[in-house]
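J.: What follows is input_17.csv; its format and atoms are CSV, C-alpha atoms.
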chain,number,residue,atom,x,y,z
H,1,MET,CA,-35.9,-36.1,9.5
H,2,GLU,CA,-38.2,-33.0,9.1
H,3,GLN,CA,-37.9,-32.3,12.8
H,4,ASN,CA,-34.2,-32.8,12.7
H,5,ASN,CA,-33.9,-30.5,9.7
H,6,LYS,CA,-35.8,-27.8,11.4
H,7,LYS,CA,-33.5,-27.9,14.4
H,8,THR,CA,-30.3,-27.8,12.6
H,9,THR,CA,-30.8,-25.5,9.7
H,10,THR,CA,-33.2,-22.6,10.5
H,11,HIS,CA,-32.2,-20.0,13.0
H,12,ASN,CA,-33.7,-16.9,14.4
H,13,ILE,CA,-34.0,-14.1,11.9
H,14,GLY,CA,-32.2,-11.9,14.4
H,15,ILE,CA,-28.8,-13.5,13.9
H,16,TYR,CA,-28.9,-12.9,10.2
H,17,LEU,CA,-29.9,-9.3,10.6
H,18,TRP,CA,-27.1,-8.8,13.2
H,19,ILE,CA,-24.5,-10.3,10.9
H,20,TRP,CA,-25.8,-8.2,8.0
H,21,GLY,CA,-25.4,-5.1,10.1
H,22,LEU,CA,-22.0,-6.0,11.3
H,23,LEU,CA,-20.9,-6.6,7.7
H,24,PHE,CA,-22.1,-3.1,6.8
H,25,VAL,CA,-20.2,-1.6,9.8
H,26,PHE,CA,-16.9,-3.4,9.0
H,27,SER,CA,-17.2,-2.5,5.3
H,28,THR,CA,-17.6,1.1,6.3
H,29,PHE,CA,-14.6,0.8,8.6
H,30,SER,CA,-12.4,-0.7,5.8
H,31,TYR,CA,-13.6,2.1,3.5
H,32,MET,CA,-12.7,4.6,6.2
H,33,VAL,CA,-9.1,3.3,6.0
H,34,ASP,CA,-9.0,4.6,2.5
H,35,TRP,CA,-11.0,7.7,3.3
H,36,PHE,CA,-8.6,8.9,5.9
H,37,ASP,CA,-5.8,7.9,3.7
H,38,LEU,CA,-4.0,5.8,6.4
H,39,GLN,CA,-0.6,4.6,5.1
H,40,GLY,CA,2.0,2.0,5.9
H,41,LEU,CA,1.7,-0.8,8.5
H,42,LEU,CA,-1.4,0.7,10.1
H,43,ARG,CA,-3.2,0.6,6.7
H,44,TRP,CA,-2.3,-2.9,5.8
H,45,SER,CA,-3.0,-4.4,9.3
H,46,LEU,CA,-6.4,-2.7,9.4
H,47,ILE,CA,-7.3,-3.8,5.9
H,48,ILE,CA,-6.4,-7.4,6.8
H,49,PHE,CA,-8.1,-7.3,10.1
H,50,PHE,CA,-11.5,-6.0,8.7
H,51,MET,CA,-11.2,-8.4,5.8
H,52,LEU,CA,-10.7,-11.5,8.0
H,53,ILE,CA,-13.6,-10.5,10.3
H,54,LYS,CA,-15.9,-10.1,7.3
H,55,ALA,CA,-14.8,-13.3,5.8
H,56,GLY,CA,-15.2,-15.1,9.1
H,57,LEU,CA,-18.8,-13.8,9.6
H,58,ILE,CA,-19.9,-14.7,6.1
H,59,MET,CA,-18.5,-18.2,6.3
H,60,ALA,CA,-19.5,-19.0,9.9
H,61,ILE,CA,-23.1,-17.6,9.8
H,62,PHE,CA,-24.3,-17.0,6.3
H,63,MET,CA,-22.7,-20.1,5.0
H,64,HIS,CA,-23.6,-22.0,8.1
H,65,LEU,CA,-20.2,-23.4,8.8
H,66,TYR,CA,-20.6,-22.7,12.5
H,67,TRP,CA,-23.3,-25.3,12.7
H,68,GLU,CA,-21.7,-27.9,10.5
H,69,ARG,CA,-19.9,-30.9,11.8
H,70,TRP,CA,-16.2,-30.8,12.2
H,71,ALA,CA,-15.6,-33.3,9.5
H,72,ILE,CA,-16.6,-30.9,6.7
H,73,VAL,CA,-15.3,-27.8,8.5
H,74,ASN,CA,-11.8,-29.3,8.7
H,75,VAL,CA,-11.9,-30.6,5.2
H,76,LEU,CA,-12.6,-27.1,4.0
H,77,LEU,CA,-10.5,-24.9,6.2
H,78,TRP,CA,-7.2,-26.7,6.2
H,79,PRO,CA,-6.6,-26.6,2.5
H,80,MET,CA,-7.4,-22.9,2.5
H,81,THR,CA,-4.7,-22.3,5.1
H,82,ALA,CA,-2.2,-24.1,2.8
H,83,ILE,CA,-2.6,-21.0,0.5
H,84,LEU,CA,-0.5,-19.1,3.0
H,85,VAL,CA,2.5,-21.3,2.2
H,86,PHE,CA,2.0,-20.3,-1.4
H,87,VAL,CA,1.9,-16.7,-0.4
H,88,ALA,CA,5.2,-17.0,1.5
H,89,ILE,CA,6.9,-18.7,-1.5
H,90,MET,CA,5.8,-16.0,-3.9
H,91,THR,CA,6.8,-13.2,-1.6
H,92,ALA,CA,10.3,-14.6,-1.6
H,93,GLU,CA,10.2,-15.1,-5.3
H,94,SER,CA,8.9,-11.5,-6.0
H,95,GLN,CA,11.6,-10.0,-3.9
H,96,TYR,CA,14.2,-11.9,-5.8
H,97,THR,CA,12.7,-10.7,-9.1
H,98,PHE,CA,12.6,-7.1,-7.9
H,99,PHE,CA,16.3,-7.4,-6.8
H,100,THR,CA,17.4,-8.7,-10.2
H,101,ARG,CA,15.4,-6.0,-12.0
H,102,ALA,CA,16.8,-3.3,-9.8
H,103,LEU,CA,20.3,-4.7,-10.4
H,104,PHE,CA,19.7,-4.7,-14.2
H,105,PHE,CA,18.5,-1.1,-14.2
H,106,VAL,CA,21.5,0.1,-12.2
H,107,MET,CA,24.2,-2.0,-13.8
H,108,GLY,CA,22.7,-2.1,-17.3
H,109,GLY,CA,22.8,-5.8,-17.7
J,1,MET,CA,-30.7,-37.4,2.6
J,2,SER,CA,-29.3,-39.6,5.3
J,3,GLU,CA,-31.4,-41.0,8.1
J,4,ILE,CA,-28.8,-40.5,10.7
J,5,ASP,CA,-29.8,-38.8,14.0
J,6,LEU,CA,-27.1,-36.2,14.3
J,7,SER,CA,-27.9,-35.5,17.9
J,8,LYS,CA,-26.7,-39.0,18.9
J,9,LEU,CA,-23.3,-38.6,17.3
J,10,PRO,CA,-20.2,-37.2,19.1
J,11,LYS,CA,-19.5,-33.6,18.3
J,12,GLY,CA,-16.4,-31.5,17.8
J,13,GLY,CA,-13.0,-33.2,17.5
J,14,LYS,CA,-14.4,-36.5,18.6
J,15,GLY,CA,-17.1,-36.2,16.0
J,16,PHE,CA,-14.4,-35.5,13.4
J,17,THR,CA,-12.5,-38.7,14.0
J,18,HIS,CA,-15.8,-40.6,14.4
J,19,ASP,CA,-17.2,-39.4,11.1
J,20,PHE,CA,-13.9,-40.2,9.2
J,21,ALA,CA,-13.7,-43.6,10.8
J,22,THR,CA,-17.2,-44.7,9.7
J,23,ASP,CA,-18.2,-46.4,6.5
J,24,GLN,CA,-20.2,-44.8,3.6
J,25,THR,CA,-21.0,-41.2,4.3
J,26,ILE,CA,-18.3,-39.1,5.9
J,27,PHE,CA,-20.2,-35.8,5.9
J,28,LYS,CA,-23.1,-36.8,8.2
J,29,GLY,CA,-26.3,-34.9,7.6
J,30,VAL,CA,-24.8,-33.0,4.6
J,31,PRO,CA,-26.7,-33.6,1.4
J,32,TRP,CA,-24.3,-34.6,-1.4
J,33,GLY,CA,-25.2,-31.6,-3.4
J,34,LYS,CA,-24.1,-29.3,-0.6
J,35,ALA,CA,-20.8,-31.3,-0.1
J,36,MET,CA,-20.1,-31.0,-3.8
J,37,MET,CA,-20.9,-27.3,-3.8
J,38,TRP,CA,-18.4,-26.8,-1.0
J,39,ILE,CA,-15.7,-28.8,-2.8
J,40,PHE,CA,-16.3,-26.7,-5.9
J,41,LEU,CA,-16.1,-23.5,-3.9
J,42,LEU,CA,-12.8,-24.8,-2.4
J,43,SER,CA,-11.4,-25.3,-5.8
J,44,ASP,CA,-12.7,-21.8,-6.8
J,45,THR,CA,-10.9,-20.4,-3.8
J,46,PHE,CA,-7.7,-21.8,-5.2
J,47,ILE,CA,-8.3,-20.1,-8.5
J,48,PHE,CA,-9.0,-16.7,-7.0
J,49,SER,CA,-6.0,-17.1,-4.7
J,50,CYS,CA,-3.8,-17.7,-7.7
J,51,PHE,CA,-5.0,-14.5,-9.2
J,52,LEU,CA,-4.5,-12.5,-6.0
J,53,ILE,CA,-1.2,-14.1,-5.3
J,54,SER,CA,0.0,-13.3,-8.8
J,55,LEU,CA,-1.2,-9.7,-8.2
J,56,MET,CA,1.0,-9.6,-5.1
J,57,THR,CA,3.9,-11.0,-7.0
J,58,ALA,CA,3.6,-8.5,-9.9
J,59,ARG,CA,3.1,-5.6,-7.6
J,60,ALA,CA,6.1,-6.5,-5.4
J,61,SER,CA,8.4,-7.3,-8.2
J,62,THR,CA,7.8,-4.3,-10.5
J,63,THR,CA,10.2,-1.4,-10.4
J,64,ALA,CA,7.6,1.0,-11.8
J,65,GLU,CA,5.2,2.9,-9.5
J,66,TRP,CA,1.9,0.9,-8.9
J,67,PRO,CA,-1.2,3.0,-9.8
J,68,TYR,CA,-2.9,4.4,-6.7
J,69,ALA,CA,-6.3,2.7,-6.7
J,70,SER,CA,-7.8,5.3,-4.5
J,71,GLU,CA,-7.4,7.9,-7.2
J,72,VAL,CA,-7.9,5.6,-10.3
J,73,PHE,CA,-11.3,4.5,-9.0
J,74,GLY,CA,-12.3,7.8,-7.6
J,75,LEU,CA,-15.6,9.3,-8.7
J,76,GLU,CA,-16.4,12.9,-9.3
J,77,VAL,CA,-19.4,14.0,-7.3
J,78,PHE,CA,-20.5,17.7,-7.5
J,79,GLY,CA,-17.0,18.7,-8.5
J,80,ALA,CA,-15.3,16.9,-5.6
J,81,ASN,CA,-13.3,13.7,-6.2
J,82,VAL,CA,-14.5,11.0,-3.8
J,83,PRO,CA,-12.0,8.1,-3.5
J,84,LEU,CA,-13.3,4.6,-4.3
J,85,LEU,CA,-17.0,5.8,-4.1
J,86,LEU,CA,-18.3,3.4,-6.7
J,87,ILE,CA,-16.4,0.5,-5.3
J,88,ALA,CA,-17.8,1.2,-1.8
J,89,ILE,CA,-21.4,1.3,-3.1
J,90,MET,CA,-20.8,-2.0,-5.0
J,91,THR,CA,-19.5,-3.5,-1.8
J,92,PHE,CA,-22.6,-2.5,0.1
J,93,VAL,CA,-24.9,-3.7,-2.7
J,94,LEU,CA,-23.2,-7.1,-2.7
J,95,ILE,CA,-23.4,-7.4,1.1
J,96,THR,CA,-27.1,-6.5,1.0
J,97,SER,CA,-27.8,-9.2,-1.6
J,98,SER,CA,-25.9,-11.6,0.6
J,99,GLY,CA,-28.1,-10.7,3.5
J,100,THR,CA,-31.3,-11.2,1.5
J,101,MET,CA,-29.9,-14.6,0.3
J,102,ALA,CA,-29.3,-15.7,3.9
J,103,LEU,CA,-32.9,-14.8,4.7
J,104,ALA,CA,-34.2,-16.6,1.6
J,105,VAL,CA,-32.4,-19.8,2.7
J,106,LYS,CA,-34.0,-19.4,6.2
J,107,TYR,CA,-37.5,-18.9,4.7
J,108,GLY,CA,-36.9,-21.8,2.3
J,109,TYR,CA,-36.3,-24.2,5.1
J,110,GLU,CA,-39.4,-22.9,6.8
J,111,LYS,CA,-41.3,-23.7,3.6
J,112,ASN,CA,-42.4,-20.0,3.3
J,113,ARG,CA,-42.7,-20.0,-0.4
J,114,LYS,CA,-43.6,-16.4,-1.0
J,115,MET,CA,-41.0,-14.8,1.3
J,116,CYS,CA,-38.4,-17.1,0.0
J,117,ALA,CA,-39.1,-16.3,-3.7
J,118,LEU,CA,-39.3,-12.6,-3.1
J,119,LEU,CA,-35.9,-12.6,-1.3
J,120,ILE,CA,-34.3,-14.6,-4.0
J,121,LEU,CA,-35.7,-12.1,-6.5
J,122,ALA,CA,-34.3,-9.3,-4.4
J,123,THR,CA,-30.9,-11.0,-4.3
J,124,ALA,CA,-31.0,-11.4,-8.1
J,125,ILE,CA,-31.8,-7.7,-8.5
J,126,GLY,CA,-28.9,-6.8,-6.2
J,127,GLY,CA,-26.5,-8.9,-8.2
J,128,LEU,CA,-27.8,-7.4,-11.4
J,129,THR,CA,-27.1,-3.9,-9.9
J,130,PHE,CA,-23.6,-5.0,-9.0
J,131,VAL,CA,-22.9,-6.2,-12.5
J,132,GLY,CA,-24.4,-3.0,-14.0
J,133,MET,CA,-22.1,-0.9,-11.8
J,134,GLN,CA,-19.2,-3.0,-12.8
J,135,ALA,CA,-20.0,-2.5,-16.5
J,136,PHE,CA,-20.1,1.3,-15.8
J,137,GLU,CA,-16.8,1.1,-14.1
J,138,TRP,CA,-15.2,-0.8,-17.0
J,139,THR,CA,-16.6,1.6,-19.5
J,140,LYS,CA,-15.3,4.6,-17.6
J,141,LEU,CA,-11.8,3.0,-17.2
J,142,ILE,CA,-11.5,1.8,-20.8
J,143,PHE,CA,-13.0,4.8,-22.7
J,144,HIS,CA,-12.3,7.8,-20.4
J,145,GLU,CA,-9.1,6.8,-18.5
J,146,GLY,CA,-7.5,4.7,-21.3
J,147,ILE,CA,-6.6,1.7,-19.2
J,148,ARG,CA,-5.6,-1.3,-21.3
J,149,PRO,CA,-4.3,-4.7,-20.3
J,150,TRP,CA,-0.9,-3.8,-21.6
J,151,SER,CA,-0.6,-0.1,-20.5
J,152,ASN,CA,-2.2,2.7,-18.6
J,153,PRO,CA,-1.5,6.3,-17.9
J,154,PHE,CA,-1.2,5.9,-14.1
J,155,GLY,CA,1.9,3.7,-13.6
J,156,ALA,CA,3.0,0.0,-13.8
J,157,ALA,CA,1.8,-1.5,-17.1
J,158,GLN,CA,0.7,-4.8,-15.4
J,159,PHE,CA,-2.1,-3.0,-13.5
J,160,GLY,CA,-4.6,-3.2,-16.4
J,161,SER,CA,-4.3,-6.9,-17.0
J,162,PHE,CA,-4.8,-7.7,-13.3
J,163,PHE,CA,-7.7,-5.4,-13.0
J,164,PHE,CA,-9.5,-6.9,-16.0
J,165,MET,CA,-8.7,-10.5,-15.1
J,166,ILE,CA,-9.6,-10.3,-11.4
J,167,THR,CA,-12.7,-8.1,-11.6
J,168,GLY,CA,-13.8,-9.8,-14.8
J,169,PHE,CA,-13.5,-13.3,-13.4
J,170,HIS,CA,-15.4,-12.2,-10.3
J,171,GLY,CA,-18.0,-10.4,-12.5
J,172,THR,CA,-18.5,-13.6,-14.4
J,173,HIS,CA,-19.2,-15.4,-11.2
J,174,VAL,CA,-21.8,-12.8,-10.2
J,175,SER,CA,-23.4,-13.0,-13.7
J,176,ILE,CA,-23.7,-16.7,-13.5
J,177,GLY,CA,-25.1,-16.4,-10.0
J,178,VAL,CA,-27.7,-13.8,-11.2
J,179,ILE,CA,-28.9,-16.2,-13.9
J,180,PHE,CA,-29.4,-19.0,-11.5
J,181,LEU,CA,-31.0,-16.7,-9.0
J,182,PHE,CA,-33.6,-15.7,-11.5
J,183,ILE,CA,-34.2,-19.3,-12.5
J,184,PHE,CA,-34.6,-20.3,-8.8
J,185,ALA,CA,-36.9,-17.3,-8.1
J,186,ARG,CA,-39.2,-18.6,-10.9
J,187,LYS,CA,-39.0,-22.1,-9.6
J,188,THR,CA,-39.8,-21.0,-6.1
J,189,PHE,CA,-42.7,-18.8,-7.2
J,190,ARG,CA,-44.2,-21.7,-9.2
J,191,GLY,CA,-44.0,-24.0,-6.1
J,192,ASP,CA,-41.5,-26.5,-7.5
J,193,PHE,CA,-39.9,-26.9,-4.1
J,194,ASP,CA,-43.2,-27.7,-2.4
J,195,ALA,CA,-44.4,-30.1,-5.1
J,196,GLY,CA,-41.1,-31.8,-5.6
J,197,ARG,CA,-41.3,-31.1,-9.3
J,198,ARG,CA,-38.5,-32.6,-11.3
J,199,GLY,CA,-35.9,-30.2,-12.5
J,200,TYR,CA,-35.3,-29.4,-16.2
J,201,PHE,CA,-31.6,-30.2,-16.0
J,202,THR,CA,-30.9,-33.0,-13.6
J,203,SER,CA,-34.5,-34.4,-13.6
J,204,MET,CA,-34.3,-34.8,-9.9
J,205,LYS,CA,-37.0,-33.8,-7.5
J,206,SER,CA,-36.8,-30.2,-6.4
J,207,ASP,CA,-36.0,-29.7,-2.7
J,208,TYR,CA,-35.7,-26.6,-0.6
J,209,ARG,CA,-32.2,-27.7,0.3
J,210,ALA,CA,-31.2,-26.6,-3.2
J,211,ILE,CA,-31.7,-23.0,-2.1
J,212,GLU,CA,-29.1,-23.4,0.6
J,213,ILE,CA,-26.7,-24.7,-2.0
J,214,LEU,CA,-27.4,-21.8,-4.3
J,215,GLY,CA,-27.0,-19.6,-1.3
J,216,LEU,CA,-23.5,-21.0,-0.6
J,217,TYR,CA,-22.5,-20.0,-4.1
J,218,TRP,CA,-23.8,-16.5,-3.7
J,219,HIS,CA,-22.2,-16.0,-0.3
J,220,PHE,CA,-18.9,-17.2,-1.8
J,221,VAL,CA,-19.2,-14.5,-4.5
J,222,ASP,CA,-19.6,-12.0,-1.7
J,223,LEU,CA,-16.7,-13.6,0.2
J,224,VAL,CA,-14.4,-13.3,-2.8
J,225,TRP,CA,-15.3,-9.6,-3.2
J,226,VAL,CA,-14.3,-9.0,0.4
J,227,PHE,CA,-10.8,-10.2,-0.6
J,228,ILE,CA,-10.7,-8.3,-3.9
J,229,PHE,CA,-11.9,-5.2,-2.2
J,230,ALA,CA,-9.1,-5.5,0.4
J,231,PHE,CA,-6.2,-6.6,-1.8
J,232,PHE,CA,-7.0,-4.9,-5.1
J,233,TYR,CA,-8.7,-1.7,-4.2
J,234,LEU,CA,-7.6,-0.8,-0.7
J,235,TRP,CA,-4.0,-2.2,-0.5
How would this structure read if it were set down as structure tokens?
T.:
Amino acid sequence: MEQNNKKTTTHNIGIYLWIWGLLFVFSTFSYMVDWFDLQGLLRWSLIIFFMLIKAGLIMAIFMHLYWERWAIVNVLLWPMTAILVFVAIMTAESQYTFFTRALFFVMGG
Amino acid sequence: MSEIDLSKLPKGGKGFTHDFATDQTIFKGVPWGKAMMWIFLLSDTFIFSCFLISLMTARASTTAEWPYASEVFGLEVFGANVPLLLIAIMTFVLITSSGTMALAVKYGYEKNRKMCALLILATAIGGLTFVGMQAFEWTKLIFHEGIRPWSNPFGAAQFGSFFFMITGFHGTHVSIGVIFLFIFARKTFRGDFDAGRRGYFTSMKSDYRAIEILGLYWHFVDLVWVFIFAFFYLW
């Protein structure tokens, strides 16, 4: 058990320092998006891109998901992707709300 | 926890069907505390997504101009307005504390009591710094900028309620984490995890695996901040 534990849960210190450094770099990049005041599609895609990389690194390495068995990885990640469905539903809903509000302000009820 | 030799089990997709098809423990080699922490974090993910999705809904459906976060959260340094400066520093502080936590978990498994305890303490101090900066930010916004949950001078009235709710809920998580980090730092210093001393709360024997579970919570707090930083402050 002890032997097994050692093999599966402790890793070289290097990998943690690397990921730590990468998180700093990508945070700086996402801050730069605001610093250079990028706008529109470029801004949004860069924000999401850096966000997903950072989230992936934290979950995979810091939270050890990369080394976990697929059983627990799948149980955790699939429900999270279901959130995207909720996002899609609420996007449609908010556009409808915006439309009715705009209509109200133009037509006066 | 379990006596299964993981190296003998199939891996990847085959391992997935194998683990789910067996009796008793599905999550092979995962202590129950860790599985429960993951399931708690999954439910917490849903709560935070509800907040962020409602932020999206409010922002997309309002006809008023949404306040420009870059200016609202700007900080004046030597007469120049630097956009989002405080938030950027807070982000780096939290990432740093996440890094020290990851190392604490590593040293915990290597039964390096002193390094582990020092790194947990460093993590706790990082978390405390973050909460302190958040308190400063709230004070500034409430007393100097006049942001309220129902109104603000920058634009859409909904802005304040989302700001206080989202950052407040996250700050609560950080504060709870800091409390537990200090408790764990003390326990580690005292050698509870080496001696297997029984805990004050669950009265179960202390085990270095508990530090990984605490680490999962702390990394999650950092993870949530990544999303808040992207969707609330940068978007």
J.: With distances taken over only C-alpha atoms, which of J:Met133, J:Thr62, J:Phe232, J:Trp38 is nearest to Leu85 (chain J)?
T.: J:Met133
J.: Rounded to one decimal, what separation in Å do you get between CA of Glu71 (chain J) and CA of Val221 (chain J)?
T.: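 Spanning CA of Glu71 (chain J) to CA of Val221 (chain J) is a straight-line distance of 25.5 Å.
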J.: For a quick test of understanding: name the residues of chain J lying within 6 Å of chain H when counting all atoms listed in the file, and present them as a PyMOL selection string.
T.: chain J and resi 12+16+57+60-61+99+102+106+216+223
J.: Please write as a list in words the list of polymer residues whose atoms come within 10 Å of (-27.6, -26.3, -2.9), counting all atoms listed in the file and keeping to the coordinates of the file.
T.: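 Within 10 Å of (-27.6, -26.3, -2.9), the protein and nucleic acid residues are Pro31, Trp32, Gly33, Lys34, Ala35, Met36, Met37, Trp38, Val105, Asp207, Tyr208, Arg209, Ala210, Ile211, Glu212, Ile213, Leu214, Gly215, Leu216 and Tyr217 of chain J.
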J.: Quick one: pull the distance between CA of Thr167 (chain J) and CA of Trp78 (chain H), Å, one decimal.
T.: 26.3 Å
J.: Just how far from CA of His170 (chain J) is CA of Asn152 (chain J), in Å to one decimal?
T.: 21.6 Å
J.: Using only C-alpha atoms, what residues lie at most 10 Å away from (-24.8, -11.4, -10.6) (file coordinates), given as a count of residues only?
T.: 27
J.: Looking at only C-alpha atoms, which of J:Leu42, J:Leu84, J:Cys116, J:Leu103 is the one that sits closest to Ile15 (chain H)?
T.: J:Leu103
J.: Which is closest to His219 (chain J) among H:Ala60, H:Met32, H:Val106, H:Tyr66, if we use only C-alpha atoms?
T.: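 That would be H:Ala60, the residue with the smallest distance to His219 (chain J).
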J.: Neighbouring residues of Arg113 (chain J) were defined as those with any atom within 9 Å, considering all atoms listed in the file; residues of the same chain fewer than 4 positions away were excluded. Please report them as a list in words.
T.: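 My reading of the contact set: Tyr107, Gly108, Ala117, Leu118, Thr188, Phe189, Gly191, Phe193 and Asp194 of chain J.
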